[in-house]
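Asks: Input file: target05.pdb. Contents: PDB, C-alpha atoms.
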MODEL        1
ATOM      1  CA  MET A   1     107.642  91.497  95.014
ATOM      2  CA  THR A   2     105.850  93.276  97.853
ATOM      3  CA  ILE A   3     102.130  93.971  97.898
ATOM      4  CA  LYS A   4     102.908  97.638  97.237
ATOM      5  CA  GLU A   5     105.083  96.774  94.217
ATOM      6  CA  ASN A   6     102.417  94.426  92.846
ATOM      7  CA  LEU A   7      99.757  97.107  93.232
ATOM      8  CA  ASN A   8     101.851  99.820  91.614
ATOM      9  CA  ASN A   9     102.727  97.480  88.766
ATOM     10  CA  ILE A  10      99.052  96.700  88.019
ATOM     11  CA  GLN A  11      97.874 100.298  88.477
ATOM     12  CA  SER A  12     100.516 101.553  86.065
ATOM     13  CA  GLN A  13      99.073  99.331  83.326
ATOM     14  CA  LEU A  14      95.423 100.252  83.807
ATOM     15  CA  PRO A  15      93.637 102.749  81.573
ATOM     16  CA  GLU A  16      92.138 105.668  83.500
ATOM     17  CA  HIS A  17      88.550 104.441  83.130
ATOM     18  CA  VAL A  18      89.261 101.065  84.789
ATOM     19  CA  THR A  19      88.774 100.629  88.549
ATOM     20  CA  LEU A  20      90.831  98.086  90.485
ATOM     21  CA  VAL A  21      89.115  96.072  93.213
ATOM     22  CA  ALA A  22      91.731  94.403  95.408
ATOM     23  CA  VAL A  23      90.308  90.976  96.251
ATOM     24  CA  SER A  24      91.346  90.500  99.853
ATOM     25  CA  LYS A  25      89.322  87.435 100.894
ATOM     26  CA  THR A  26      91.130  85.144 103.388
ATOM     27  CA  LYS A  27      93.929  87.714 103.738
ATOM     28  CA  PRO A  28      94.923  89.123 107.134
ATOM     29  CA  ILE A  29      94.320  92.782 107.932
ATOM     30  CA  SER A  30      98.096  93.398 107.901
ATOM     31  CA  ASP A  31      98.123  92.561 104.167
ATOM     32  CA  LEU A  32      95.142  94.804 103.500
ATOM     33  CA  MET A  33      96.794  97.650 105.418
ATOM     34  CA  GLU A  34      99.914  97.252 103.304
ATOM     35  CA  ALA A  35      97.731  97.743 100.214
ATOM     36  CA  TYR A  36      95.900 100.605 101.947
ATOM     37  CA  ASP A  37      99.192 102.346 102.755
ATOM     38  CA  ALA A  38     100.126 101.999  99.076
ATOM     39  CA  GLY A  39      96.976 103.939  98.164
ATOM     40  CA  GLN A  40      94.400 101.192  97.544
ATOM     41  CA  ARG A  41      90.930 102.100  98.825
ATOM     42  CA  ILE A  42      88.643  99.505  97.203
ATOM     43  CA  PHE A  43      88.623  95.984  98.612
ATOM     44  CA  GLY A  44      86.532  92.991  97.558
ATOM     45  CA  GLU A  45      85.448  90.210  99.903
ATOM     46  CA  ASN A  46      83.350  87.099  99.233
ATOM     47  CA  LYS A  47      82.149  86.387 102.788
ATOM     48  CA  ILE A  48      79.926  88.942 104.450
ATOM     49  CA  GLN A  49      81.045  88.164 108.016
ATOM     50  CA  GLU A  50      84.732  88.475 107.142
ATOM     51  CA  MET A  51      84.061  91.766 105.349
ATOM     52  CA  ALA A  52      82.070  93.113 108.325
ATOM     53  CA  ASP A  53      84.896  92.220 110.726
ATOM     54  CA  LYS A  54      87.512  93.915 108.541
ATOM     55  CA  HIS A  55      85.276  96.971 108.100
ATOM     56  CA  THR A  56      85.087  97.342 111.883
ATOM     57  CA  GLU A  57      88.850  97.278 112.304
ATOM     58  CA  MET A  58      90.041  99.227 109.265
ATOM     59  CA  PRO A  59      89.981 102.905 108.176
ATOM     60  CA  LYS A  60      86.552 104.245 107.301
ATOM     61  CA  ASP A  61      87.444 105.715 103.900
ATOM     62  CA  ILE A  62      87.596 102.195 102.396
ATOM     63  CA  GLU A  63      85.008 101.135  99.836
ATOM     64  CA  TRP A  64      83.907  97.565 100.528
ATOM     65  CA  HIS A  65      82.687  95.483  97.600
ATOM     66  CA  MET A  66      80.846  92.194  98.123
ATOM     67  CA  ILE A  67      81.987  90.025  95.229
ATOM     68  CA  GLY A  68      80.843  86.574  96.323
ATOM     69  CA  HIS A  69      77.490  84.833  96.165
ATOM     70  CA  VAL A  70      75.123  86.575  98.592
ATOM     71  CA  GLN A  71      72.775  84.731 100.932
ATOM     72  CA  ARG A  72      69.656  86.776 101.609
ATOM     73  CA  ASN A  73      69.685  86.156 105.363
ATOM     74  CA  LYS A  74      73.140  87.757 105.654
ATOM     75  CA  VAL A  75      72.458  91.005 103.786
ATOM     76  CA  LYS A  76      71.617  92.770 107.072
ATOM     77  CA  TYR A  77      75.223  92.398 108.270
ATOM     78  CA  MET A  78      76.622  94.564 105.465
ATOM     79  CA  ALA A  79      73.717  96.886 104.628
ATOM     80  CA  GLU A  80      75.078  99.691 106.773
ATOM     81  CA  PHE A  81      78.452 100.034 105.050
ATOM     82  CA  VAL A  82      78.832  98.080 101.784
ATOM     83  CA  THR A  83      79.584 100.273  98.749
ATOM     84  CA  LEU A  84      78.833  97.886  95.883
ATOM     85  CA  ILE A  85      77.351  94.380  95.675
ATOM     86  CA  HIS A  86      78.575  92.569  92.556
ATOM     87  CA  GLY A  87      76.689  89.306  92.365
ATOM     88  CA  ILE A  88      72.943  90.010  92.196
ATOM     89  CA  ASP A  89      71.290  87.040  90.525
ATOM     90  CA  SER A  90      67.610  87.326  91.492
ATOM     91  CA  PHE A  91      64.847  89.815  92.219
ATOM     92  CA  LYS A  92      64.367  88.254  95.678
ATOM     93  CA  LEU A  93      67.937  89.149  96.609
ATOM     94  CA  LEU A  94      67.542  92.683  95.251
ATOM     95  CA  ASN A  95      64.326  93.073  97.228
ATOM     96  CA  GLU A  96      66.083  92.015 100.452
ATOM     97  CA  ILE A  97      68.966  94.453  99.834
ATOM     98  CA  ASN A  98      66.405  97.206  99.242
ATOM     99  CA  LYS A  99      64.653  96.350 102.523
ATOM    100  CA  GLN A 100      67.870  96.352 104.567
ATOM    101  CA  ALA A 101      69.195  99.528 102.880
ATOM    102  CA  SER A 102      65.984 101.370 103.769
ATOM    103  CA  LYS A 103      66.545 100.550 107.461
ATOM    104  CA  HIS A 104      69.802 102.511 107.271
ATOM    105  CA  ASP A 105      68.253 105.227 105.103
ATOM    106  CA  ARG A 106      70.719 104.655 102.282
ATOM    107  CA  THR A 107      70.811 103.510  98.673
ATOM    108  CA  ILE A 108      73.062 100.561  97.869
ATOM    109  CA  ASP A 109      74.648 100.244  94.435
ATOM    110  CA  CYS A 110      74.338  96.799  92.860
ATOM    111  CA  LEU A 111      75.553  94.940  89.781
ATOM    112  CA  LEU A 112      73.431  92.282  88.110
ATOM    113  CA  GLN A 113      75.407  89.094  87.542
ATOM    114  CA  LEU A 114      75.096  87.779  84.016
ATOM    115  CA  LYS A 115      75.847  84.104  83.475
ATOM    116  CA  ILE A 116      78.395  84.132  80.655
ATOM    117  CA  ALA A 117      80.400  80.992  81.502
ATOM    118  CA  LYS A 118      79.556  77.529  80.223
ATOM    119  CA  GLU A 119      80.260  75.970  83.635
ATOM    120  CA  ASP A 120      77.185  74.972  85.636
ATOM    121  CA  SER A 121      78.745  76.098  88.891
ATOM    122  CA  LYS A 122      78.703  79.792  87.994
ATOM    123  CA  PHE A 123      75.752  81.800  89.283
ATOM    124  CA  GLY A 124      74.019  84.445  87.232
ATOM    125  CA  MET A 125      71.037  85.511  85.180
ATOM    126  CA  SER A 126      70.412  85.208  81.458
ATOM    127  CA  SER A 127      70.245  88.445  79.452
ATOM    128  CA  LYS A 128      66.483  87.837  79.094
ATOM    129  CA  ASP A 129      66.145  87.557  82.910
ATOM    130  CA  VAL A 130      68.011  90.845  83.327
ATOM    131  CA  GLN A 131      65.862  92.605  80.759
ATOM    132  CA  GLU A 132      62.619  91.356  82.315
ATOM    133  CA  LEU A 133      63.771  92.424  85.773
ATOM    134  CA  LEU A 134      64.679  95.957  84.655
ATOM    135  CA  ILE A 135      61.317  96.613  82.998
ATOM    136  CA  SER A 136      59.193  95.111  85.779
ATOM    137  CA  GLU A 137      56.959  97.293  87.949
ATOM    138  CA  ALA A 138      58.253  95.538  91.071
ATOM    139  CA  PHE A 139      61.797  96.663  90.240
ATOM    140  CA  LYS A 140      60.753 100.255  89.629
ATOM    141  CA  ASN A 141      59.233 100.351  93.126
ATOM    142  CA  LEU A 142      62.577  99.644  94.832
ATOM    143  CA  GLN A 143      63.646 102.966  96.343
ATOM    144  CA  ASN A 144      66.872 102.004  98.129
ATOM    145  CA  ILE A 145      68.944 100.212  95.501
ATOM    146  CA  LYS A 146      70.509 101.327  92.260
ATOM    147  CA  ILE A 147      71.672  99.046  89.471
ATOM    148  CA  THR A 148      74.934 100.596  88.302
ATOM    149  CA  GLY A 149      76.138  97.894  85.923
ATOM    150  CA  LEU A 150      76.736  94.251  85.148
ATOM    151  CA  MET A 151      79.181  91.643  86.439
ATOM    152  CA  GLY A 152      80.289  88.377  84.910
ATOM    153  CA  MET A 153      82.786  85.555  85.398
ATOM    154  CA  ALA A 154      84.292  83.805  82.400
ATOM    155  CA  THR A 155      84.842  80.062  82.169
ATOM    156  CA  PHE A 156      88.023  78.885  83.892
ATOM    157  CA  THR A 157      89.853  77.694  80.793
ATOM    158  CA  ASP A 158      93.057  78.221  78.798
ATOM    159  CA  ASP A 159      90.940  78.781  75.678
ATOM    160  CA  THR A 160      91.410  82.530  75.228
ATOM    161  CA  ASN A 161      88.903  82.634  72.379
ATOM    162  CA  GLN A 162      86.158  81.253  74.562
ATOM    163  CA  VAL A 163      86.921  83.718  77.359
ATOM    164  CA  LYS A 164      86.973  86.567  74.848
ATOM    165  CA  GLN A 165      83.576  85.534  73.477
ATOM    166  CA  GLU A 166      82.129  85.424  76.992
ATOM    167  CA  PHE A 167      83.478  88.868  77.862
ATOM    168  CA  GLU A 168      82.138  90.243  74.587
ATOM    169  CA  ARG A 169      78.710  88.785  75.391
ATOM    170  CA  LEU A 170      78.687  90.742  78.651
ATOM    171  CA  LYS A 171      79.672  93.959  76.886
ATOM    172  CA  THR A 172      77.019  93.476  74.186
ATOM    173  CA  THR A 173      74.322  92.830  76.799
ATOM    174  CA  PHE A 174      75.437  95.934  78.696
ATOM    175  CA  ASP A 175      75.127  98.034  75.520
ATOM    176  CA  ASP A 176      71.721  96.546  74.710
ATOM    177  CA  LEU A 177      70.388  97.339  78.193
ATOM    178  CA  LYS A 178      71.456 100.998  78.172
ATOM    179  CA  SER A 179      68.071 101.907  76.692
ATOM    180  CA  LEU A 180      66.315 100.550  79.818
ATOM    181  CA  GLU A 181      67.817 103.048  82.234
ATOM    182  CA  SER A 182      65.470 104.440  84.884
ATOM    183  CA  LYS A 183      65.748 106.286  88.183
ATOM    184  CA  ASN A 184      67.112 103.181  89.910
ATOM    185  CA  CYS A 185      69.121 101.868  86.971
ATOM    186  CA  GLU A 186      72.079 103.785  85.600
ATOM    187  CA  LEU A 187      74.476 101.462  83.823
ATOM    188  CA  GLN A 188      78.116 102.568  84.090
ATOM    189  CA  ILE A 189      80.114  99.579  85.326
ATOM    190  CA  ILE A 190      81.173  96.395  83.552
ATOM    191  CA  SER A 191      82.856  94.268  86.224
ATOM    192  CA  MET A 192      84.785  91.478  84.544
ATOM    193  CA  GLY A 193      88.337  90.204  84.607
ATOM    194  CA  MET A 194      90.441  88.695  87.380
ATOM    195  CA  SER A 195      94.172  88.063  87.931
ATOM    196  CA  GLY A 196      94.483  85.660  85.006
ATOM    197  CA  ASP A 197      92.404  87.442  82.393
ATOM    198  CA  TYR A 198      91.964  91.113  83.310
ATOM    199  CA  LYS A 199      93.994  92.427  80.354
ATOM    200  CA  LEU A 200      91.746  90.575  77.932
ATOM    201  CA  ALA A 201      88.685  91.780  79.876
ATOM    202  CA  ILE A 202      89.809  95.408  79.544
ATOM    203  CA  ASP A 203      90.294  94.924  75.793
ATOM    204  CA  CYS A 204      86.691  93.649  75.684
ATOM    205  CA  GLY A 205      85.285  96.671  77.507
ATOM    206  CA  SER A 206      85.663  96.014  81.246
ATOM    207  CA  THR A 207      85.606  99.088  83.499
ATOM    208  CA  MET A 208      86.223  97.251  86.788
ATOM    209  CA  ILE A 209      88.590  94.343  87.474
ATOM    210  CA  ARG A 210      88.742  92.074  90.531
ATOM    211  CA  VAL A 211      92.344  91.135  91.250
ATOM    212  CA  GLY A 212      93.544  89.089  94.232
ATOM    213  CA  SER A 213      96.501  86.744  93.774
ATOM    214  CA  SER A 214      98.421  89.163  91.505
ATOM    215  CA  ILE A 215      98.395  91.653  94.407
ATOM    216  CA  PHE A 216      98.491  89.544  97.566
ATOM    217  CA  GLY A 217     100.040  86.320  96.266
ATOM    218  CA  THR A 218      98.272  82.978  96.219
ATOM    219  CA  ARG A 219      95.796  82.366  99.015
ATOM    220  CA  ASN A 220      97.131  80.439 101.952
ATOM    221  CA  TYR A 221      94.488  78.161 103.459
ATOM    222  CA  SER A 222      96.829  76.371 105.872
ATOM    223  CA  ASN A 223      96.882  79.131 108.515
TER     224      ASN A 223
ENDMDL
END
Please re-express this file's structure in structure tokens.
Replies:
Amino acid sequence: MTIKENLNNIQSQLPEHVTLVAVSKTKPISDLMEAYDAGQRIFGENKIQEMADKHTEMPKDIEWHMIGHVQRNKVKYMAEFVTLIHGIDSFKLLNEINKQASKHDRTIDCLLQLKIAKEDSKFGMSSKDVQELLISEAFKNLQNIKITGLMGMATFTDDTNQVKQEFERLKTTFDDLKSLESKNCELQIISMGMSGDYKLAIDCGSTMIRVGSSIFGTRNYSN
């Protein structure tokens, strides 16, 4: 199957309200352009430098999503162009994004990352952390960011029930937080689901899926 066929196959199965982020990390620009030529305009990267390099070389109507863990000292390299940052797990990070966005006179959309997996390695905030952040005065003073939703990563397991419970926890938290909307918080996006579990994620309420290997094939680290 070609990248175009893979993309068309996935798109044909998605409900209208679900957005597909093509996870293009480690992939060469030729692969991304194949997806671009097939109509894909949203790409997700997990390394800021790689994303910045690809942004420089590729068409300017692409939406770039930062889906990996973000180091505060690297925010400045993407502040000018990034469309959505998925993995916000602290106020300090949000504050830095706000600072860098203001230098470019723009507002950057962000998703708060909720820790739903049982694995220790997964980053994220508890639902209590998220709630406290959204009602804090410090948050309300941030002029150059907007929280547009939540993101979560399920445990890497074959136990579908566990994954389903974790996705449902994200959806429930999202619903609970809707009452806390303010001028810099407008919750619309639930980003959950990857190549192996996106269908289940959509059933549980996902509105944005992050799919890499099902589009581009397995990542090749030997090059």
Asks: Using all atoms listed in the file, tabulate the residues of range 143-170 of chain A lying at most 12 Å from any atom of range 66-70 of chain A, each with its closest atom pair and that distance in Å to one decimal, by chain and increasing residue number, as a Markdown table.
Replies:
| residue | atom | partner | partner_atom | distance |
| --- | --- | --- | --- | --- |
| A:Met151 | CA | A:Ile67 | CA | 9.4 |
| A:Gly152 | CA | A:Ile67 | CA | 10.6 |
| A:Met153 | CA | A:Ile67 | CA | 10.8 |
Asks: Give, as JSON, the centre coordinates and the x, y and z edge lengths in Å to one decimal for an axis-aligned box around all listed atoms of range 44-63 of chain A, padded by 8 Å on each side.
Replies:
{"center_x": 85.0, "center_y": 96.1, "center_z": 104.9, "size_x": 26.1, "size_y": 35.3, "size_z": 30.7}
Asks: Name the residues that the PyMOL selection byres ((chain A and resi 112) around 6) picks from the file above, as JSON, numbers by chain, using the file's chain letters and numbers.
Replies: {"A": [88, 111, 113, 150]}
Asks: Apply the PyMOL selection byres ((chain A and resi 21) around 10) to the file shown and report the selected residues as number ranges by chain.
Replies: A: 18-20, 22-24, 40-45, 63-65, 67, 191, 194, 208-212
Asks: On this file, the PyMOL selection byres ((chain A and resi 187) around 6) gives some set of residues; write that set as a JSON list (two decimals) with C-alpha atoms, in the coordinates of the input.
Replies:
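This is the output file part26.json:
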[["chain", "number", "residue", "atom", "x", "y", "z"],
["A", 148, "THR", "CA", 74.93, 100.60, 88.30],
["A", 149, "GLY", "CA", 76.14, 97.89, 85.92],
["A", 186, "GLU", "CA", 72.08, 103.78, 85.60],
["A", 188, "GLN", "CA", 78.12, 102.57, 84.09]]
Asks: Identify, on the basis of only C-alpha atoms, every residue whose closest approach to Gly217 in chain A does not exceed 10 Å; exclude the query and any residue fewer than 2 positions from it along the same chain; express the result as a ChimeraX atom specification.
Replies: /A:1-3,6,27,212-215,219-220
Asks: Could you write out the selected residues, including C-alpha atoms, as a CSV table (one decimal), in the frame of the given file?
Replies:
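Result went into part34.csv, see below:
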chain,number,residue,atom,x,y,z
A,1,MET,CA,107.6,91.5,95.0
A,2,THR,CA,105.8,93.3,97.9
A,3,ILE,CA,102.1,94.0,97.9
A,6,ASN,CA,102.4,94.4,92.8
A,27,LYS,CA,93.9,87.7,103.7
A,212,GLY,CA,93.5,89.1,94.2
A,213,SER,CA,96.5,86.7,93.8
A,214,SER,CA,98.4,89.2,91.5
A,215,ILE,CA,98.4,91.7,94.4
A,219,ARG,CA,95.8,82.4,99.0
A,220,ASN,CA,97.1,80.4,102.0
Asks: Counting all atoms listed in the file, figure out which residue out of A:Leu200, A:Met58, A:Ile147, A:Ile10 gets nearest to Met33 in chain A.
Replies: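 Answer, going by the shortest atom-to-atom distance: A:Met58.
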Asks: Find the spatial neighbours of Gln13 in chain A, counting all atoms listed in the file, within a cut-off of 10 Å - ignore same-chain residues fewer than 4 positions away - and output them as a ChimeraX atom specification.
Replies: /A:8-9,199
Asks: Would you mind exporting the chosen residues as an mmCIF file, keeping the file's coordinate frame, restricted to C-alpha atoms?
Replies:
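Output (selection.cif):
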data_model
loop_
_atom_site.group_PDB
_atom_site.id
_atom_site.type_symbol
_atom_site.label_atom_id
_atom_site.label_comp_id
_atom_site.auth_asym_id
_atom_site.auth_seq_id
_atom_site.Cartn_x
_atom_site.Cartn_y
_atom_site.Cartn_z
ATOM 1 C CA ASN A 8 101.851 99.820 91.614
ATOM 2 C CA ASN A 9 102.727 97.480 88.766
ATOM 3 C CA LYS A 199 93.994 92.427 80.354
#
Asks: Pick the closest to Asp109 in chain A from A:Pro59, A:Gln11, A:Ile189, A:Ile202: which is it, counting only C-alpha atoms?
Replies: A:Ile189
Asks: Have a look at CA of Ser102 in chain A and CA of Asn144 in chain A and let me know their distance in Å, one decimal.
Replies: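 It comes out at 5.7 Å.
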Asks: Could you state the separation of CA of Ala117 in chain A and CA of Ala154 in chain A in Å, given to one decimal place?
Replies: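 CA of Ala154 in chain A lies 4.9 Å from CA of Ala117 in chain A.
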Asks: Extract, using only C-alpha atoms, all DNA, RNA and protein residues at most 12 Å from Ser182 in chain A, discarding same-chain residues fewer than 5 positions from it, and format them as JSON, numbers by chain.
Replies: {"A": [134, 135, 136, 137, 139, 140, 141, 142, 143, 145, 146, 147, 148, 177, 187]}
Asks: Check the smallest atom-to-atom distance from each of A:Ser127, A:Gln165, A:Ser12, A:Thr107 to Thr83 in chain A using all atoms listed in the file, then report the winner.
Replies: A:Thr107
Asks: Restricting the calculation to only C-alpha atoms, which member of A:Glu132, A:Asp31, A:Glu119, A:Asp89 is positioned closest to Glu166 in chain A?
Replies: A:Glu119
Asks: May I ask which of the residues A:Glu5, A:Lys103, A:Ala138, A:Ala79 is the closest one to Asn184 in chain A, counting all atoms listed in the file?
Replies: A:Ala138
Asks: Hey, can you check how far CA of Gly193 in chain A sits from CA of Thr207 in chain A?
Replies: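 A separation of 9.4 Å between them.
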Asks: Select, from A:Pro28, A:Phe156, A:Ser90, A:Pro15, the residue with the minimum atom-to-atom distance to Asp203 in chain A, counting all atoms listed in the file.
Replies: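 Counting all atoms listed in the file, the residue closest to Asp203 in chain A is A:Pro15.
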Asks: Missing atoms in range 181-203 of chain A: can you complete it with N, CA, C and O atoms, as a CSV table (one decimal), keeping the file's coordinate frame?
Replies:
chain,number,residue,atom,x,y,z
A,181,GLU,N,67.5,102.3,81.0
A,181,GLU,CA,67.8,103.0,82.2
A,181,GLU,C,66.6,103.7,82.8
A,181,GLU,O,65.7,104.2,82.1
A,182,SER,N,66.6,103.8,84.2
A,182,SER,CA,65.5,104.4,84.9
A,182,SER,C,66.1,105.1,86.1
A,182,SER,O,67.3,105.1,86.3
A,183,LYS,N,65.2,105.6,87.0
A,183,LYS,CA,65.7,106.3,88.2
A,183,LYS,C,66.6,105.4,89.1
A,183,LYS,O,67.5,105.8,89.8
A,184,ASN,N,66.3,104.1,89.1
A,184,ASN,CA,67.1,103.2,89.9
A,184,ASN,C,68.0,102.2,89.1
A,184,ASN,O,68.4,101.2,89.5
A,185,CYS,N,68.2,102.6,87.8
A,185,CYS,CA,69.1,101.9,87.0
A,185,CYS,C,69.9,102.8,86.1
A,185,CYS,O,69.4,103.5,85.2
A,186,GLU,N,71.2,102.9,86.4
A,186,GLU,CA,72.1,103.8,85.6
A,186,GLU,C,73.3,103.0,85.3
A,186,GLU,O,74.2,102.9,86.2
A,187,LEU,N,73.4,102.4,84.1
A,187,LEU,CA,74.5,101.5,83.8
A,187,LEU,C,75.8,102.2,83.5
A,187,LEU,O,75.9,102.8,82.5
A,188,GLN,N,76.8,102.0,84.3
A,188,GLN,CA,78.1,102.6,84.1
A,188,GLN,C,79.2,101.5,84.2
A,188,GLN,O,80.3,101.7,83.6
A,189,ILE,N,79.0,100.5,85.0
A,189,ILE,CA,80.1,99.6,85.3
A,189,ILE,C,80.0,98.2,84.6
A,189,ILE,O,78.9,97.6,84.6
A,190,ILE,N,81.1,97.8,84.0
A,190,ILE,CA,81.2,96.4,83.6
A,190,ILE,C,82.3,95.7,84.4
A,190,ILE,O,83.5,96.0,84.1
A,191,SER,N,81.9,94.9,85.3
A,191,SER,CA,82.9,94.3,86.2
A,191,SER,C,83.2,92.9,85.7
A,191,SER,O,82.4,91.9,85.8
A,192,MET,N,84.3,92.8,85.0
A,192,MET,CA,84.8,91.5,84.5
A,192,MET,C,86.3,91.5,84.4
A,192,MET,O,86.9,92.5,84.2
A,193,GLY,N,86.9,90.3,84.7
A,193,GLY,CA,88.3,90.2,84.6
A,193,GLY,C,88.9,90.0,86.0
A,193,GLY,O,88.6,90.8,86.9
A,194,MET,N,89.8,89.0,86.1
A,194,MET,CA,90.4,88.7,87.4
A,194,MET,C,91.9,88.6,87.1
A,194,MET,O,92.4,88.9,86.0
A,195,SER,N,92.7,88.1,88.1
A,195,SER,CA,94.2,88.1,87.9
A,195,SER,C,94.6,87.5,86.6
A,195,SER,O,95.5,88.0,85.9
A,196,GLY,N,94.0,86.4,86.2
A,196,GLY,CA,94.5,85.7,85.0
A,196,GLY,C,94.0,86.2,83.7
A,196,GLY,O,94.6,86.0,82.6
A,197,ASP,N,93.0,87.0,83.7
A,197,ASP,CA,92.4,87.4,82.4
A,197,ASP,C,92.0,88.9,82.3
A,197,ASP,O,91.3,89.3,81.4
A,198,TYR,N,92.5,89.7,83.3
A,198,TYR,CA,92.0,91.1,83.3
A,198,TYR,C,92.4,92.0,82.1
A,198,TYR,O,91.7,92.8,81.7
A,199,LYS,N,93.6,91.6,81.5
A,199,LYS,CA,94.0,92.4,80.4
A,199,LYS,C,93.1,92.2,79.2
A,199,LYS,O,92.7,93.1,78.5
A,200,LEU,N,92.7,90.9,79.0
A,200,LEU,CA,91.7,90.6,77.9
A,200,LEU,C,90.4,91.2,78.2
A,200,LEU,O,89.7,91.7,77.3
A,201,ALA,N,90.0,91.2,79.5
A,201,ALA,CA,88.7,91.8,79.9
A,201,ALA,C,88.6,93.3,79.6
A,201,ALA,O,87.6,93.8,79.1
A,202,ILE,N,89.7,94.0,79.8
A,202,ILE,CA,89.8,95.4,79.5
A,202,ILE,C,89.7,95.6,78.0
A,202,ILE,O,89.0,96.5,77.6
A,203,ASP,N,90.4,94.8,77.3
A,203,ASP,CA,90.3,94.9,75.8
A,203,ASP,C,88.9,94.7,75.3
A,203,ASP,O,88.5,95.3,74.3
